[in-house]
file coords15.txt (compact mmCIF, C-alpha atoms)
# COMPACT_ATOMS: atom_id res chain seq x y z
CA MET A 1 127.23 107.79 21.68
CA ASP A 2 129.87 110.45 20.98
CA GLN A 3 132.54 111.40 23.51
CA SER A 4 130.95 114.68 24.60
CA THR A 5 127.62 112.97 25.31
CA LEU A 6 129.36 110.15 27.17
CA ASP A 7 131.22 112.71 29.28
CA ALA A 8 127.94 114.53 30.04
CA TYR A 9 126.26 111.27 31.06
CA LEU A 10 129.14 110.37 33.39
CA ARG A 11 129.05 113.87 34.90
CA ARG A 12 125.35 113.32 35.61
CA LEU A 13 126.37 110.21 37.54
CA GLY A 14 129.15 112.07 39.31
CA ILE A 15 131.97 109.76 38.15
CA GLY A 16 134.86 109.73 35.70
CA ARG A 17 135.31 107.25 32.90
CA PRO A 18 135.93 103.75 34.36
CA ARG A 19 139.16 102.00 33.45
CA ARG A 20 137.69 98.49 33.45
CA THR A 21 134.52 96.83 32.21
CA ASP A 22 134.18 94.23 34.93
CA ALA A 23 131.62 93.27 37.55
CA GLY A 24 133.01 95.72 40.10
CA THR A 25 132.60 98.64 37.73
CA LEU A 26 129.11 97.46 36.79
CA ARG A 27 128.21 97.39 40.48
CA ALA A 28 129.42 100.97 40.95
CA LEU A 29 127.67 102.19 37.80
CA GLN A 30 124.29 100.75 38.81
CA GLU A 31 124.44 102.35 42.24
CA ARG A 32 125.50 105.74 40.84
CA HIS A 33 122.66 105.60 38.32
CA LEU A 34 120.09 104.79 40.99
CA VAL A 35 121.15 107.66 43.25
CA SER A 36 121.60 110.19 40.41
CA VAL A 37 118.82 109.58 37.87
CA PRO A 38 115.26 109.30 39.23
CA PHE A 39 112.41 107.19 38.01
CA GLU A 40 109.74 109.62 36.76
CA ASN A 41 106.79 109.24 34.43
CA MET A 42 105.85 112.83 33.58
CA HIS A 43 105.53 112.08 29.87
CA ILE A 44 102.66 109.65 30.47
CA ARG A 45 100.41 112.47 31.69
CA SER A 46 101.66 114.86 28.99
CA GLY A 47 100.85 112.46 26.16
CA LYS A 48 104.39 112.64 24.80
CA PRO A 49 105.91 109.45 23.35
CA THR A 50 108.43 107.46 25.32
CA ALA A 51 112.00 108.49 24.50
CA LEU A 52 114.35 105.72 23.39
CA GLY A 53 117.77 105.54 21.76
CA PRO A 54 119.62 108.86 21.40
CA ALA A 55 116.52 110.80 22.49
CA VAL A 56 116.58 109.33 25.99
CA ILE A 57 120.33 109.95 26.28
CA ASP A 58 119.71 113.62 25.57
CA LYS A 59 116.91 113.67 28.14
CA ILE A 60 119.12 112.23 30.88
CA ALA A 61 122.62 113.49 30.06
CA HIS A 62 121.81 117.00 28.83
CA ARG A 63 118.33 117.88 30.13
CA HIS A 64 118.90 116.32 33.59
CA ARG A 65 115.59 114.44 33.59
CA GLY A 66 114.81 110.90 34.69
CA GLY A 67 112.55 108.38 33.00
CA THR A 68 110.42 105.27 33.20
CA CYS A 69 111.90 101.78 33.36
CA ILE A 70 112.08 101.38 29.59
CA GLU A 71 113.77 104.78 29.18
CA LEU A 72 116.27 104.15 31.97
CA ALA A 73 117.04 100.65 30.70
CA SER A 74 117.55 102.00 27.17
CA ALA A 75 119.86 104.75 28.40
CA PHE A 76 121.90 102.49 30.66
CA GLU A 77 122.28 99.92 27.89
CA GLN A 78 123.74 102.61 25.62
CA LEU A 79 126.03 103.86 28.38
CA LEU A 80 127.38 100.37 29.07
CA ARG A 81 128.01 99.74 25.37
CA ALA A 82 129.78 103.10 25.03
CA LEU A 83 132.03 102.16 27.97
CA GLY A 84 132.96 98.89 26.25
CA TYR A 85 130.67 96.24 27.76
CA PRO A 86 130.25 93.86 24.78
CA GLN A 87 127.26 91.79 25.90
CA VAL A 88 124.27 93.82 27.05
CA THR A 89 120.70 92.60 26.41
CA VAL A 90 117.39 94.34 27.15
CA LEU A 91 114.82 91.98 28.69
CA GLY A 92 111.12 92.37 29.35
CA GLY A 93 110.02 91.78 32.94
CA ARG A 94 106.80 91.07 34.78
CA ILE A 95 105.74 92.75 38.02
CA PHE A 96 104.24 90.89 40.99
CA HIS A 97 101.75 93.28 42.59
CA ALA A 98 98.87 92.91 45.04
CA GLY A 99 99.38 89.16 45.30
CA ARG A 100 99.48 88.37 41.58
CA PHE A 101 101.51 88.82 38.45
CA MET A 102 100.60 91.77 36.27
CA ALA A 103 100.29 91.62 32.50
CA PRO A 104 103.47 90.66 30.62
CA VAL A 105 106.23 93.12 29.76
CA VAL A 106 105.45 96.10 31.97
CA HIS A 107 109.05 96.37 33.15
CA TYR A 108 112.45 96.33 31.47
CA VAL A 109 115.83 95.19 32.77
CA LEU A 110 119.27 94.39 31.39
CA LYS A 111 121.34 91.24 31.28
CA VAL A 112 125.06 92.09 31.31
CA GLU A 113 127.87 89.55 31.01
CA THR A 114 131.28 90.36 32.54
CA PRO A 115 131.64 87.33 31.63
CA GLU A 116 129.45 86.28 34.58
CA PRO A 117 125.78 87.06 33.79
CA TRP A 118 124.16 89.83 35.86
CA LEU A 119 120.63 91.16 36.15
CA VAL A 120 120.87 94.95 36.08
CA ASP A 121 117.88 97.15 36.94
CA VAL A 122 118.06 100.95 37.15
CA GLY A 123 114.34 101.64 36.71
CA PHE A 124 112.35 99.92 39.44
CA LEU A 125 110.86 101.64 42.47
CA ARG A 126 112.15 99.05 44.87
CA GLY A 127 114.91 97.01 43.30
CA SER A 128 118.39 95.96 44.31
CA ARG A 129 121.11 98.56 44.79
CA TYR A 130 123.63 96.31 43.05
CA PRO A 131 123.41 93.84 40.12
CA LEU A 132 122.15 90.33 40.89
CA ARG A 133 123.69 87.15 39.50
CA PHE A 134 121.45 86.11 36.64
CA ASP A 135 122.42 82.43 36.91
CA VAL A 136 121.70 82.10 40.64
CA ARG A 137 118.28 80.96 41.87
CA THR A 138 118.96 81.05 45.61
CA PRO A 139 118.32 84.20 47.70
CA GLN A 140 120.80 87.04 47.11
CA ARG A 141 121.43 89.65 49.79
CA ASP A 142 121.63 93.32 48.90
CA PRO A 143 121.51 96.56 50.95
CA GLU A 144 117.92 97.01 49.74
CA GLY A 145 116.77 93.55 50.83
CA VAL A 146 116.92 89.88 49.81
CA PHE A 147 116.15 89.06 46.17
CA GLN A 148 115.58 85.77 44.42
CA LEU A 149 115.35 85.07 40.70
CA ALA A 150 112.98 82.36 39.48
CA ASP A 151 112.29 80.75 36.11
CA THR A 152 108.88 81.34 34.52
CA ASP A 153 107.33 81.88 31.09
CA PHE A 154 104.94 84.48 29.74
CA PRO A 155 103.86 85.51 26.24
CA PRO A 156 105.24 88.67 24.65
CA THR A 157 103.14 91.82 24.33
CA TRP A 158 103.76 95.55 23.90
CA TRP A 159 101.23 97.42 26.00
CA ALA A 160 101.41 98.41 29.61
CA TRP A 161 100.89 102.03 30.57
CA THR A 162 97.08 102.03 30.27
CA LEU A 163 96.49 98.89 32.34
CA PRO A 164 93.83 99.64 34.98
CA GLU A 165 95.67 97.52 37.57
CA LEU A 166 99.03 99.22 36.99
CA PRO A 167 99.37 102.15 39.43
CA MET A 168 101.96 103.86 37.22
CA SER A 169 99.25 104.41 34.59
CA HIS A 170 97.25 106.55 37.03
CA LEU A 171 99.82 108.04 39.39
CA LEU A 172 102.48 110.60 38.55
CA VAL A 173 105.60 109.31 40.32
CA ALA A 174 109.18 110.46 40.83
CA SER A 175 111.46 108.24 42.91
CA ILE A 176 115.18 108.07 43.63
CA LEU A 177 117.49 106.02 45.82
CA ASP A 178 119.89 107.67 48.27
CA ALA A 179 122.53 106.56 50.75
CA THR A 180 120.05 105.55 53.46
CA GLY A 181 116.76 104.86 51.69
CA ARG A 182 114.46 106.23 49.02
CA THR A 183 112.50 109.41 48.34
CA THR A 184 109.27 109.19 46.33
CA MET A 185 106.80 111.88 45.26
CA VAL A 186 103.33 110.70 44.29
CA ASP A 187 101.06 112.78 42.03
CA GLN A 188 103.01 115.92 42.94
CA ARG A 189 101.19 115.96 46.27
CA ARG A 190 102.72 113.44 48.69
CA LEU A 191 106.39 113.16 49.55
CA LEU A 192 107.44 109.81 51.03
CA GLU A 193 110.84 109.32 52.62
CA VAL A 194 111.97 105.82 53.60
CA SER A 195 115.06 105.61 55.79
CA GLY A 196 116.23 103.03 58.30
CA GLY A 197 113.01 101.05 58.06
CA ARG A 198 110.83 104.07 58.86
CA THR A 199 108.66 106.03 56.51
CA SER A 200 107.60 109.66 56.81
CA GLU A 201 105.04 111.35 54.64
CA ARG A 202 103.89 114.91 54.12
CA ILE A 203 101.56 116.79 51.83
CA LEU A 204 103.25 119.31 49.54
CA ASP A 205 101.85 122.81 49.64
CA GLY A 206 101.24 123.88 46.05
CA ALA A 207 103.20 124.25 42.83
CA ALA A 208 106.14 126.24 44.23
CA GLU A 209 107.00 123.56 46.79
CA VAL A 210 106.55 120.79 44.23
CA LEU A 211 108.99 122.53 41.86
CA GLU A 212 111.47 122.92 44.72
CA VAL A 213 111.19 119.21 45.52
CA TYR A 214 111.80 118.28 41.88
CA GLN A 215 115.00 120.37 42.01
CA SER A 216 116.35 119.54 45.46
CA ARG A 217 115.37 115.86 45.75
CA PHE A 218 115.41 114.63 42.14
CA GLY A 219 117.79 117.06 40.41
CA ILE A 220 115.15 118.09 37.86
CA ALA A 221 114.89 121.83 37.18
CA LEU A 222 111.46 122.85 35.85
CA ASP A 223 109.88 126.24 35.18
CA GLU A 224 106.36 124.89 35.60
CA LEU A 225 104.66 121.68 36.61
CA PRO A 226 104.77 119.12 33.78
CA ALA A 227 101.27 117.86 34.53
CA PRO A 228 98.33 118.80 36.74
CA GLY A 229 99.72 119.47 40.19
CA PRO A 230 98.16 119.26 43.63
CA GLY A 231 94.49 118.53 43.19
CA PRO A 232 91.39 119.32 45.19
CA GLU A 233 91.29 119.11 48.96
CA GLU A 234 89.50 115.77 48.94
CA ASP A 235 91.24 112.80 47.30
CA ASP A 236 89.43 110.61 44.79
CA PRO A 237 88.81 107.45 46.87
CA VAL A 238 89.66 105.14 43.94
CA VAL A 239 92.98 106.84 43.24
CA LEU A 240 93.71 106.99 46.97
CA GLU A 241 93.20 103.25 47.34
CA GLN A 242 95.40 102.61 44.28
CA TYR A 243 98.08 104.72 45.92
CA ARG A 244 97.83 102.83 49.21
CA ALA A 245 97.98 99.46 47.43
CA TRP A 246 100.97 100.60 45.38
CA PHE A 247 102.78 101.86 48.47
CA ARG A 248 102.27 98.62 50.39
CA ALA A 249 103.48 96.61 47.39
CA GLN A 250 106.69 98.66 47.30
CA TYR A 251 107.47 99.05 51.00
CA GLY A 252 105.27 96.61 52.87
CA ASP A 253 103.26 98.16 55.67
CA PRO A 254 105.80 100.03 57.80
CA GLU A 255 105.10 102.38 60.64
CA VAL A 256 104.36 105.75 59.09
CA SER A 257 105.51 108.75 61.07
CA PRO A 258 102.60 111.09 61.81
CA VAL A 259 102.91 114.35 59.90
CA ALA A 260 100.54 117.22 59.22
CA GLY A 261 98.25 116.49 56.33
CA GLY A 262 99.21 112.82 56.13
CA PHE A 263 97.03 109.79 56.60
CA PRO A 264 97.59 106.37 58.19
CA MET A 265 98.52 103.61 55.74
CA ARG A 266 96.80 100.87 57.75

call {"tool": "encode", "arguments": {"input": "coords15.txt", "output": "structure tokens"}}
result
Amino acid sequence: MDQSTLDAYLRRLGIGRPRRTDAGTLRALQERHLVSVPFENMHIRSGKPTALGPAVIDKIAHRHRGGTCIELASAFEQLLRALGYPQVTVLGGRIFHAGRFMAPVVHYVLKVETPEPWLVDVGFLRGSRYPLRFDVRTPQRDPEGVFQLADTDFPPTWWAWTLPELPMSHLLVASILDATGRTTMVDQRRLLEVSGGRTSERILDGAAEVLEVYQSRFGIALDELPAPGPGPEEDDPVVLEQYRAWFRAQYGDPEVSPVAGGFPMR
């Protein structure tokens, strides 16, 4: 990564170049990435290939887009290496959803040594705000909840985005962390805001409002919707149930504030 690209990436995160490559800096970098660069999977609907390597750096640093977990992990790995972190490894992960483990390697994380080993994740819809100790198997507290790493084995594979049981293969999602919670837009129709243990939801009113949300909430400036926008008045019951199951898996079953056009999650 050349200096101008590194500077652009750091500007996207709203920080200057760190002076140290230690655990404290890693902690700050992960949080800044989570609140500055959204998870979004527009390219899945568009049929475009997943950007990796220099292509994903351009997408994030210069085009002010977000990405899926593999894109965000790839970009953050390159950023950390450019800043001088010598030991950064990309790892495949497995998601526990709807009471069971999904197929192998549908998520990607980093292992960073400072020299202590840390699990770093900038691409999950409900992960930790700060890195987790990779060598600790007891519960670890974080502003986003309590997390625990466990040892398990699964075979390698390289397919994920077309899995019927994986909501991200059917739902267009943009999601970003903020100081008090998380904002998520689902299928360019529903805007979910989680803050202080409460969740509000509203239906977006057409393409103009969706484009405004992309800009104001996720920092993504678009001239037109990247994929089919708000659909027909009636939701497909299968997709709707997938959405509800995905939401509960991410946020449990909180009290949802009543809003016009919304629906109860229970």

call {"tool": "residues_near_point", "arguments": {"input": "coords15.txt", "point": "(121.8, 100.6, 27.3)", "cutoff": "12 Å", "atoms": "only C-alpha atoms", "output": "PyMOL selection string"}}
result
chain A and resi 1+30+52-54+56-57+69-91+108-112+120-122

call {"tool": "closest_residue", "arguments": {"input": "coords15.txt", "among": "A:Ser175, A:Ser200, A:Gln215, A:Ser36", "to": "A:Leu125", "atoms": "only C-alpha atoms"}}
result
A:Ser175

call {"tool": "atom_distance", "arguments": {"input": "coords15.txt", "atom1": "atom CA of A:Gln148", "atom2": "atom CA of A:Arg133"}}
result
9.6 Å

call {"tool": "atom_distance", "arguments": {"input": "coords15.txt", "atom1": "atom CA of A:Phe134", "atom2": "atom CA of A:Asp151"}}
result
10.6 Å

call {"tool": "atom_distance", "arguments": {"input": "coords15.txt", "atom1": "atom CA of A:Leu225", "atom2": "atom CA of A:Asn41"}}
result
12.8 Å

call {"tool": "residues_around", "arguments": {"input": "coords15.txt", "residues": "A:Ser128", "least_positions_apart": "6", "cutoff": "9 Å", "atoms": "only C-alpha atoms", "output": "JSON, numbers by chain"}}
result
{"A": [120, 121, 122, 141, 142, 143, 144, 145, 146, 147]}

call {"tool": "residues_around", "arguments": {"input": "coords15.txt", "residues": "A:Ile220", "least_positions_apart": "5", "cutoff": "9 Å", "atoms": "all atoms listed in the file", "output": "list of chain:residue names"}}
result
A:Pro38, A:Arg63, A:His64, A:Arg65, A:Gly66, A:Leu211, A:Val213, A:Tyr214, A:Gln215

call {"tool": "closest_residue", "arguments": {"input": "coords15.txt", "among": "A:Arg27, A:His33, A:Arg182, A:Arg137", "to": "A:Tyr9", "atoms": "all atoms listed in the file"}}
result
A:His33

call {"tool": "closest_residue", "arguments": {"input": "coords15.txt", "among": "A:Glu201, A:Glu40, A:Asp223, A:Glu193", "to": "A:Val173", "atoms": "all atoms listed in the file"}}
result
A:Glu40

call {"tool": "closest_residue", "arguments": {"input": "coords15.txt", "among": "A:Glu209, A:Glu31, A:Asp58, A:Asp187", "to": "A:Gly123", "atoms": "all atoms listed in the file"}}
result
A:Glu31

call {"tool": "residues_around", "arguments": {"input": "coords15.txt", "residues": "A:Leu149", "least_positions_apart": "3", "cutoff": "10 Å", "atoms": "only C-alpha atoms", "output": "number ranges by chain"}}
result
A: 119, 132-140, 152

call {"tool": "axis_aligned_box", "arguments": {"input": "coords15.txt", "around": "stretch 8-17 of chain A", "padding_each_side": "6 Å", "output": "JSON"}}
result
{"center_x": 130.3, "center_y": 110.9, "center_z": 34.7, "size_x": 22.0, "size_y": 19.3, "size_z": 21.3}

call {"tool": "closest_residue", "arguments": {"input": "coords15.txt", "among": "A:Ala179, A:Ala61, A:Ile203, A:Val37", "to": "A:Arg11", "atoms": "all atoms listed in the file"}}
result
A:Ala61
